[in-house]
Amino acid sequence: MEVTEINLEVNKGFLNDYVNGHKISEHFFDYTYTDDQKYKSRVDHILTRTYQRIALADYFSSVHESLPYAKEANVQIEKLRQPESVVVVGGQQAGLLTGPLYTVYKAMSIISLAKQQEEELGIPVVPIFWIAGEDHDLDEIRYVYIEKQASWKKHMYNDTPSVASASCIQINKKEMDKWLNGVFASFPETAHTNSIIAKTTDLLQKSETITDFFKQMMNWFFGKEGLLLLDAHDPAIRKLEQNYFQLLIENIEDVQFAQQEGARAFSDAGYGDPIVTDKENGHLFLEVEGERRRLDFQDHHFMIRGTDLTFTKQELVELLKAFPNRFSNNVVTRPLMQEWLLPVLSFVSGPGELLYWATLKKVFQHFNVLVPPVVPRAQLTFVPVSVKKWLDENEYDILPFIQGKTTELQESWLQDVTQFPVQEVINRVRTQITDDHLPLRQLAQEMDPTLAELSKKNLAILKNQIDFMERKMNFFVRQSHEHTLSKFHETGRWLAPFNRPQERIIHPILLMNVIGEDGLQRLLSKEMSLNDTHKIVYL
């Protein structure tokens with residue numbers, strides 16, 4: 001397994017400015033990405049604060065005692081109990097089969113950074129994956145792409161309510177088993193297929209909710225590394241967060257103002273609008289009759305979207321004390337909740353997350369806490385053996401394929417190798433027919449309006465016949481080069497499906513079917529630098 005780095009030339013704008021230490025990007029964070037002393041400074045700040053370490057450690061013990069690799073998890077849990085320990089954290093929604101590859105790449109980055117900084121700082125650094133189990137945008141998590149007729153198609157699991165949190169959704173085992181069989185049926189059979197089917201089916205049977213299934217999958221991939229899994233919608237976590245939710249409720253006007261100010265400053269600096277939200281957004285959710293509903297705040301009252309329910313601050317605090325598990329954060333207050341709950345050395349972000357974190361400094365400042373160092377996760381593209389062989393044989397540069405330019409490369413190649421001047425002749429004939437037909441249309445116009453309309457239809461029929469011949473000729477040309485065109489298509493399908501990053505379309509079980517469980521474990525445990533360069537992994 002060979003890994004190289006490449007500059008995709010697409011990570012411009014804020015990400016580029018941030019990782020290269022451009023001055024303007026420094027305004028949006030409390031630590032400079034290029035500062036070699038940022039982690040030491042961060043530790044000094046963490047040691048001035050207090051955390052619920054024992055309660056957190058007990059929570060992780062209860063989660064991991066029922067999962068495989070409990071021994072490895074316990075090593076990290078005992079570190080967390082130590083007063084000088086810190087954590088590296090990052091997270092994602094509870095996608096089926098973990099969702100796209102970027103989810104496991106984020107976990108891989110968390111583990112890698114934690115190991116690196118534990119060695120550098122000489123203190124315990126614990127890797128934690130924050131599962132956004134409260135997320136109710138199920139359209140983002142209830143499908144994977146499968147290969148069908150040499151293309152990628154969405155494969156949906158449909159047995160889910162519309163606005164319930166993922167951690168509350170009971171899995172319909174019969175429907176999920178049917179869904180899994182559809183995934184497996186799309187796989188080309190390899191030496192690894194049967195064992196993958198058996199393992200995944202077993203993990204499903206051990207799961208009650210969508211978040212349970214996600215935890216089982218993540219533990220399968222990262223349990224040996226001791227990655228700790230935190231379900232943000234677990235009632236035990238909500239109880240630990242109760243006082244922090246109360247702070248958010250009592251300071252809601254300041255949170256709203258600070259969020260709007262931070263978003264405006266980021267936009268004024270020319271970086272766009274990563275979070276566009278209403279001024280009345282309360283940046284919290286409340287579960288009402290099993291559905292997760294947004295809280296707004298206006299005219300001294302909280303209001304629940306989609307209902308006629310309203311609360312004063314005090315009434316909402318009383319509800320919080322009675323039912324903390326009914327409350328959850330949105331993207332604005334979740335980073336702050338992580339900061340209160342965990343001794344965060346660093347947050348590992350995706351490219352989009354980095355942008356909205358950059359709008360939150362004023363929110364953090366209001367509560368007298370610092371935005372932790374934010375580190376972009378590793379971005380990868382894996383290259384199957386057959387694709388690498390074809391690229392090498394034809395001396396193609398991999399960069400334009402990863403950039404989604406396969407169709408342009410293919411058409412350019414086809415134009416170069418085609419010996420028949422189809423387009424040239426077709427264009428000439430089409431122009432000539434239009435010119436030669438003009439006297440006929442003019443005469444028809446002089447004779448009768450009906451004939452004039454008929455002459456126009458006559459020209460259209462002639463053009464349609466030319467179009468028909470154009471399609472047939474182009475089909476003949478493409479059929480003559482079918483083998484090479486299929487190689488272009490295969491390369492594009494793997495390296496930039498739908499002209500999008502591979503890691504956003506392909507899921508890890510599909511990759512495991514190609515390289516096996518051991519191969520995937522080797523990839524996910526590989527040390528990689530965390531920066532804005534793209535990693536190419538040759539399988």
# chains A, B, ... in the order shown; residues from 1 in each chain; ligands from 1
$ select_by_dssp --residues "stretch 113-277 of chain A" --states "helix (DSSP H, G or I)" --output "ChimeraX atom specification"
/A:113-121,138-140,166-168,173-185,193-205,210-225,235-240,242-250,252-268
$ select_by_dssp --residues "stretch 235-416 of chain A" --states "strand (DSSP E)" --output "number ranges by chain"
A: 281-288, 291-298, 301-304, 310-311, 327-329, 344-349, 374-376, 380-383
$ write_last_selection --atoms "C-alpha atoms" --output "CSV table (one decimal), in the first residue's frame"
chain,number,residue,atom,x,y,z
A,281,ASN,CA,-33.1,30.7,15.8
A,282,GLY,CA,-32.5,29.6,19.4
A,283,HIS,CA,-29.8,27.1,18.3
A,284,LEU,CA,-31.4,24.3,20.4
A,285,PHE,CA,-33.8,21.5,19.7
A,286,LEU,CA,-36.5,20.0,21.9
A,287,GLU,CA,-38.1,16.6,21.5
A,288,VAL,CA,-41.9,16.9,21.3
A,291,GLU,CA,-40.1,14.4,17.1
A,292,ARG,CA,-37.0,16.7,17.3
A,293,ARG,CA,-38.2,20.3,16.9
A,294,ARG,CA,-36.2,23.5,16.5
A,295,LEU,CA,-36.5,26.1,19.3
A,296,ASP,CA,-36.7,29.8,18.3
A,297,PHE,CA,-36.4,32.7,20.7
A,298,GLN,CA,-38.1,36.1,20.1
A,301,HIS,CA,-40.2,33.7,24.7
A,302,PHE,CA,-39.0,30.4,23.2
A,303,MET,CA,-41.2,28.9,20.5
A,304,ILE,CA,-41.2,25.4,19.1
A,310,THR,CA,-44.1,28.6,23.9
A,311,PHE,CA,-42.0,28.9,27.0
A,327,PHE,CA,-32.8,18.7,24.6
A,328,SER,CA,-30.1,18.8,21.9
A,329,ASN,CA,-27.8,21.2,20.2
A,344,VAL,CA,-10.5,19.3,24.1
A,345,LEU,CA,-6.9,19.5,22.9
A,346,SER,CA,-8.0,19.7,19.3
A,347,PHE,CA,-11.1,19.3,17.2
A,348,VAL,CA,-10.7,17.4,13.9
A,349,SER,CA,-12.9,18.9,11.2
A,374,VAL,CA,-9.1,23.0,14.7
A,375,VAL,CA,-7.3,20.5,12.5
A,376,PRO,CA,-8.6,19.5,9.0
A,380,LEU,CA,-8.0,10.5,0.7
A,381,THR,CA,-8.6,8.8,-2.7
A,382,PHE,CA,-7.8,5.2,-3.0
A,383,VAL,CA,-6.8,3.8,-6.4
$ residues_around --residues "stretch 465-467 of chain A" --least-positions-apart "2" --cutoff "12 Å" --atoms "only C-alpha atoms" --output "mmCIF file with all heavy atoms, in the first residue's frame"
data_model
loop_
_atom_site.group_PDB
_atom_site.id
_atom_site.type_symbol
_atom_site.label_atom_id
_atom_site.label_comp_id
_atom_site.auth_asym_id
_atom_site.auth_seq_id
_atom_site.Cartn_x
_atom_site.Cartn_y
_atom_site.Cartn_z
ATOM 1 N N VAL A 422 -16.520 13.160 -38.618
ATOM 2 C CA VAL A 422 -17.983 13.138 -38.501
ATOM 3 C C VAL A 422 -18.535 14.532 -38.229
ATOM 4 O O VAL A 422 -19.426 15.007 -38.942
ATOM 5 C CB VAL A 422 -18.421 12.159 -37.378
ATOM 6 C CG1 VAL A 422 -19.933 12.244 -37.166
ATOM 7 C CG2 VAL A 422 -18.014 10.745 -37.729
ATOM 8 N N GLN A 423 -18.040 15.199 -37.216
ATOM 9 C CA GLN A 423 -18.616 16.476 -36.822
ATOM 10 C C GLN A 423 -18.441 17.531 -37.896
ATOM 11 O O GLN A 423 -19.345 18.338 -38.150
ATOM 12 C CB GLN A 423 -17.976 16.941 -35.515
ATOM 13 C CG GLN A 423 -18.874 17.824 -34.664
ATOM 14 C CD GLN A 423 -20.196 17.138 -34.315
ATOM 15 O OE1 GLN A 423 -20.208 16.029 -33.802
ATOM 16 N NE2 GLN A 423 -21.309 17.787 -34.633
ATOM 17 N N VAL A 425 -18.203 17.083 -41.185
ATOM 18 C CA VAL A 425 -19.105 16.818 -42.313
ATOM 19 C C VAL A 425 -20.547 17.121 -41.922
ATOM 20 O O VAL A 425 -21.299 17.742 -42.689
ATOM 21 C CB VAL A 425 -18.959 15.358 -42.781
ATOM 22 C CG1 VAL A 425 -20.039 15.014 -43.811
ATOM 23 C CG2 VAL A 425 -17.574 15.135 -43.369
ATOM 24 N N ILE A 426 -20.950 16.691 -40.746
ATOM 25 C CA ILE A 426 -22.323 16.909 -40.295
ATOM 26 C C ILE A 426 -22.630 18.400 -40.234
ATOM 27 O O ILE A 426 -23.684 18.862 -40.706
ATOM 28 C CB ILE A 426 -22.556 16.262 -38.910
ATOM 29 C CG1 ILE A 426 -22.639 14.745 -39.027
ATOM 30 C CG2 ILE A 426 -23.817 16.807 -38.248
ATOM 31 C CD1 ILE A 426 -23.880 14.227 -39.726
ATOM 32 N N ASN A 427 -21.722 19.198 -39.659
ATOM 33 C CA ASN A 427 -21.943 20.641 -39.565
ATOM 34 C C ASN A 427 -22.051 21.283 -40.944
ATOM 35 O O ASN A 427 -22.872 22.186 -41.172
ATOM 36 C CB ASN A 427 -20.816 21.295 -38.773
ATOM 37 C CG ASN A 427 -20.865 20.937 -37.291
ATOM 38 O OD1 ASN A 427 -21.895 20.513 -36.788
ATOM 39 N ND2 ASN A 427 -19.736 21.100 -36.601
ATOM 40 N N ARG A 428 -21.197 20.816 -41.863
ATOM 41 C CA ARG A 428 -21.225 21.381 -43.210
ATOM 42 C C ARG A 428 -22.538 21.057 -43.923
ATOM 43 O O ARG A 428 -23.162 21.924 -44.549
ATOM 44 C CB ARG A 428 -20.039 20.854 -44.015
ATOM 45 C CG ARG A 428 -19.909 21.541 -45.387
ATOM 46 C CD ARG A 428 -18.570 21.247 -46.047
ATOM 47 N NE ARG A 428 -18.405 19.829 -46.370
ATOM 48 C CZ ARG A 428 -17.484 19.037 -45.819
ATOM 49 N NH1 ARG A 428 -16.647 19.534 -44.915
ATOM 50 N NH2 ARG A 428 -17.384 17.774 -46.171
ATOM 51 N N VAL A 429 -22.982 19.807 -43.811
ATOM 52 C CA VAL A 429 -24.227 19.392 -44.453
ATOM 53 C C VAL A 429 -25.423 20.116 -43.836
ATOM 54 O O VAL A 429 -26.334 20.553 -44.549
ATOM 55 C CB VAL A 429 -24.393 17.853 -44.343
ATOM 56 C CG1 VAL A 429 -25.796 17.430 -44.792
ATOM 57 C CG2 VAL A 429 -23.344 17.139 -45.169
ATOM 58 N N ARG A 430 -25.399 20.254 -42.505
ATOM 59 C CA ARG A 430 -26.523 20.920 -41.824
ATOM 60 C C ARG A 430 -26.643 22.378 -42.305
ATOM 61 O O ARG A 430 -27.743 22.859 -42.591
ATOM 62 C CB ARG A 430 -26.285 20.860 -40.319
ATOM 63 C CG ARG A 430 -27.481 21.340 -39.512
ATOM 64 C CD ARG A 430 -27.212 21.250 -38.011
ATOM 65 N NE ARG A 430 -27.334 19.889 -37.507
ATOM 66 C CZ ARG A 430 -26.381 19.208 -36.866
ATOM 67 N NH1 ARG A 430 -25.206 19.797 -36.652
ATOM 68 N NH2 ARG A 430 -26.590 17.994 -36.436
ATOM 69 N N THR A 431 -25.509 23.057 -42.444
ATOM 70 C CA THR A 431 -25.519 24.451 -42.922
ATOM 71 C C THR A 431 -25.972 24.518 -44.371
ATOM 72 O O THR A 431 -26.773 25.388 -44.761
ATOM 73 C CB THR A 431 -24.111 25.061 -42.789
ATOM 74 O OG1 THR A 431 -23.725 25.037 -41.419
ATOM 75 C CG2 THR A 431 -24.102 26.490 -43.290
ATOM 76 N N GLN A 432 -25.468 23.573 -45.185
ATOM 77 C CA GLN A 432 -25.778 23.590 -46.615
ATOM 78 C C GLN A 432 -27.265 23.327 -46.851
ATOM 79 O O GLN A 432 -27.898 23.972 -47.691
ATOM 80 C CB GLN A 432 -24.940 22.537 -47.347
ATOM 81 C CG GLN A 432 -25.040 22.621 -48.862
ATOM 82 C CD GLN A 432 -24.024 21.710 -49.542
ATOM 83 O OE1 GLN A 432 -22.967 21.428 -48.984
ATOM 84 N NE2 GLN A 432 -24.358 21.250 -50.736
ATOM 85 N N ILE A 433 -27.823 22.384 -46.115
ATOM 86 C CA ILE A 433 -29.252 22.073 -46.284
ATOM 87 C C ILE A 433 -30.099 23.287 -45.915
ATOM 88 O O ILE A 433 -31.074 23.624 -46.592
ATOM 89 C CB ILE A 433 -29.629 20.844 -45.430
ATOM 90 C CG1 ILE A 433 -29.131 19.572 -46.113
ATOM 91 C CG2 ILE A 433 -31.138 20.767 -45.194
ATOM 92 C CD1 ILE A 433 -29.433 18.306 -45.347
ATOM 93 N N THR A 434 -29.726 23.962 -44.835
ATOM 94 C CA THR A 434 -30.476 25.150 -44.410
ATOM 95 C C THR A 434 -30.426 26.233 -45.488
ATOM 96 O O THR A 434 -31.455 26.866 -45.806
ATOM 97 C CB THR A 434 -29.906 25.700 -43.098
ATOM 98 O OG1 THR A 434 -29.963 24.690 -42.088
ATOM 99 C CG2 THR A 434 -30.694 26.914 -42.620
ATOM 100 N N ASN A 458 -40.946 20.913 -42.990
ATOM 101 C CA ASN A 458 -40.136 20.112 -43.917
ATOM 102 C C ASN A 458 -38.650 20.254 -43.613
ATOM 103 O O ASN A 458 -37.902 19.264 -43.579
ATOM 104 C CB ASN A 458 -40.433 20.564 -45.351
ATOM 105 C CG ASN A 458 -39.595 19.808 -46.371
ATOM 106 O OD1 ASN A 458 -38.735 20.381 -47.034
ATOM 107 N ND2 ASN A 458 -39.831 18.501 -46.493
ATOM 108 N N LEU A 459 -38.201 21.503 -43.329
ATOM 109 C CA LEU A 459 -36.804 21.734 -42.968
ATOM 110 C C LEU A 459 -36.470 21.032 -41.651
ATOM 111 O O LEU A 459 -35.400 20.439 -41.489
ATOM 112 C CB LEU A 459 -36.533 23.229 -42.855
ATOM 113 C CG LEU A 459 -35.120 23.607 -42.415
ATOM 114 C CD1 LEU A 459 -34.080 23.086 -43.421
ATOM 115 C CD2 LEU A 459 -34.986 25.126 -42.243
ATOM 116 N N ALA A 460 -37.413 21.105 -40.690
ATOM 117 C CA ALA A 460 -37.180 20.457 -39.398
ATOM 118 C C ALA A 460 -37.013 18.957 -39.566
ATOM 119 O O ALA A 460 -36.172 18.326 -38.908
ATOM 120 C CB ALA A 460 -38.331 20.775 -38.446
ATOM 121 N N ILE A 461 -37.805 18.348 -40.461
ATOM 122 C CA ILE A 461 -37.694 16.898 -40.715
ATOM 123 C C ILE A 461 -36.329 16.573 -41.303
ATOM 124 O O ILE A 461 -35.670 15.593 -40.914
ATOM 125 C CB ILE A 461 -38.828 16.442 -41.662
ATOM 126 C CG1 ILE A 461 -40.175 16.506 -40.946
ATOM 127 C CG2 ILE A 461 -38.553 15.021 -42.172
ATOM 128 C CD1 ILE A 461 -41.371 16.299 -41.865
ATOM 129 N N LEU A 462 -35.875 17.392 -42.227
ATOM 130 C CA LEU A 462 -34.558 17.169 -42.832
ATOM 131 C C LEU A 462 -33.448 17.270 -41.771
ATOM 132 O O LEU A 462 -32.516 16.463 -41.734
ATOM 133 C CB LEU A 462 -34.318 18.189 -43.944
ATOM 134 C CG LEU A 462 -35.219 18.057 -45.187
ATOM 135 C CD1 LEU A 462 -34.986 19.227 -46.141
ATOM 136 C CD2 LEU A 462 -34.960 16.730 -45.904
ATOM 137 N N LYS A 463 -33.568 18.288 -40.880
ATOM 138 C CA LYS A 463 -32.566 18.446 -39.820
ATOM 139 C C LYS A 463 -32.598 17.263 -38.857
ATOM 140 O O LYS A 463 -31.543 16.809 -38.378
ATOM 141 C CB LYS A 463 -32.807 19.747 -39.057
ATOM 142 C CG LYS A 463 -32.411 21.001 -39.834
ATOM 143 C CD LYS A 463 -32.599 22.250 -38.981
ATOM 144 C CE LYS A 463 -32.093 23.491 -39.701
ATOM 145 N NZ LYS A 463 -32.265 24.710 -38.862
ATOM 146 N N MET A 469 -28.464 10.738 -38.296
ATOM 147 C CA MET A 469 -27.219 10.207 -38.857
ATOM 148 C C MET A 469 -26.022 10.560 -37.971
ATOM 149 O O MET A 469 -25.091 9.764 -37.809
ATOM 150 C CB MET A 469 -27.011 10.763 -40.266
ATOM 151 C CG MET A 469 -27.904 10.133 -41.324
ATOM 152 S SD MET A 469 -27.717 8.327 -41.391
ATOM 153 C CE MET A 469 -25.970 8.149 -41.765
ATOM 154 N N GLU A 470 -26.076 11.772 -37.363
ATOM 155 C CA GLU A 470 -24.992 12.170 -36.463
ATOM 156 C C GLU A 470 -24.909 11.208 -35.275
ATOM 157 O O GLU A 470 -23.818 10.763 -34.897
ATOM 158 C CB GLU A 470 -25.236 13.594 -35.975
ATOM 159 C CG GLU A 470 -24.142 14.116 -35.045
ATOM 160 C CD GLU A 470 -24.420 15.525 -34.567
ATOM 161 O OE1 GLU A 470 -25.612 15.929 -34.536
ATOM 162 O OE2 GLU A 470 -23.463 16.228 -34.198
ATOM 163 N N ARG A 471 -26.068 10.889 -34.702
ATOM 164 C CA ARG A 471 -26.070 9.971 -33.566
ATOM 165 C C ARG A 471 -25.571 8.591 -33.960
ATOM 166 O O ARG A 471 -24.791 7.963 -33.238
ATOM 167 C CB ARG A 471 -27.486 9.868 -32.969
ATOM 168 C CG ARG A 471 -27.959 11.135 -32.259
ATOM 169 C CD ARG A 471 -29.204 10.873 -31.434
ATOM 170 N NE ARG A 471 -30.325 10.450 -32.264
ATOM 171 C CZ ARG A 471 -31.189 11.290 -32.838
ATOM 172 N NH1 ARG A 471 -31.055 12.610 -32.684
ATOM 173 N NH2 ARG A 471 -32.190 10.826 -33.564
ATOM 174 N N LYS A 472 -26.001 8.124 -35.088
ATOM 175 C CA LYS A 472 -25.589 6.786 -35.551
ATOM 176 C C LYS A 472 -24.089 6.731 -35.829
ATOM 177 O O LYS A 472 -23.411 5.757 -35.491
ATOM 178 C CB LYS A 472 -26.367 6.397 -36.810
ATOM 179 C CG LYS A 472 -27.831 6.043 -36.569
ATOM 180 C CD LYS A 472 -27.943 4.795 -35.696
ATOM 181 C CE LYS A 472 -29.385 4.364 -35.501
ATOM 182 N NZ LYS A 472 -29.487 3.156 -34.643
ATOM 183 N N MET A 473 -23.559 7.768 -36.443
ATOM 184 C CA MET A 473 -22.129 7.804 -36.742
ATOM 185 C C MET A 473 -21.293 7.882 -35.461
ATOM 186 O O MET A 473 -20.274 7.186 -35.327
ATOM 187 C CB MET A 473 -21.813 8.999 -37.656
ATOM 188 C CG MET A 473 -22.298 8.824 -39.080
ATOM 189 S SD MET A 473 -21.987 10.297 -40.101
ATOM 190 C CE MET A 473 -22.376 9.673 -41.730
ATOM 191 N N ASN A 474 -21.739 8.737 -34.532
ATOM 192 C CA ASN A 474 -21.015 8.840 -33.261
ATOM 193 C C ASN A 474 -21.081 7.534 -32.474
ATOM 194 O O ASN A 474 -20.113 7.143 -31.814
ATOM 195 C CB ASN A 474 -21.591 9.987 -32.420
ATOM 196 C CG ASN A 474 -21.147 11.351 -32.921
ATOM 197 O OD1 ASN A 474 -20.064 11.480 -33.518
ATOM 198 N ND2 ASN A 474 -21.955 12.363 -32.711
#
$ closest_residue --among "A:Thr103, A:Asn325, A:Gln76, A:Gln521" --to "A:Val125" --atoms "only C-alpha atoms"
A:Gln76
$ residues_around --residues "stretch 440-444 of chain A" --least-positions-apart "5" --cutoff "9 Å" --atoms "only C-alpha atoms" --output "list in words"
Pro449, Thr450, Leu451, Ala452, Glu453, Leu454, Ser455, Lys456 and Leu459 of chain A
$ closest_atom_pairs --of "stretch 338-454 of chain A" --to "stretch 255-266 of chain A" --cutoff "8 Å" --atoms "only C-alpha atoms" --output "tab-separated table"
residue	atom	partner	partner_atom	distance
A:Ala358	CA	A:Phe266	CA	7.3
A:Thr359	CA	A:Gly262	CA	4.6
A:Leu360	CA	A:Gly262	CA	5.9
A:Lys361	CA	A:Gly262	CA	6.8
A:Lys362	CA	A:Ala258	CA	5.2
A:Val363	CA	A:Ala258	CA	5.1
A:His366	CA	A:Ala258	CA	7.7
$ write_last_selection --atoms "N, CA and C atoms" --output "short mmCIF file (atom, residue, chain, number, x, y, z; two decimals), in the first residue's frame"
data_model
loop_
_atom_site.label_atom_id
_atom_site.label_comp_id
_atom_site.auth_asym_id
_atom_site.auth_seq_id
_atom_site.Cartn_x
_atom_site.Cartn_y
_atom_site.Cartn_z
N ALA A 358 -15.34 28.64 12.09
CA ALA A 358 -14.68 29.95 12.00
C ALA A 358 -15.64 31.10 12.28
N THR A 359 -16.94 30.82 12.33
CA THR A 359 -17.91 31.88 12.63
C THR A 359 -18.28 31.93 14.11
N LEU A 360 -17.71 31.05 14.94
CA LEU A 360 -18.21 30.86 16.31
C LEU A 360 -17.36 31.49 17.41
N LYS A 361 -16.28 32.16 17.05
CA LYS A 361 -15.37 32.68 18.08
C LYS A 361 -16.09 33.62 19.05
N LYS A 362 -16.97 34.47 18.56
CA LYS A 362 -17.67 35.40 19.44
C LYS A 362 -18.64 34.67 20.37
N VAL A 363 -19.19 33.55 19.92
CA VAL A 363 -20.05 32.74 20.79
C VAL A 363 -19.23 32.18 21.94
N HIS A 366 -18.19 34.86 24.54
CA HIS A 366 -19.23 35.28 25.50
C HIS A 366 -19.17 34.45 26.78
#
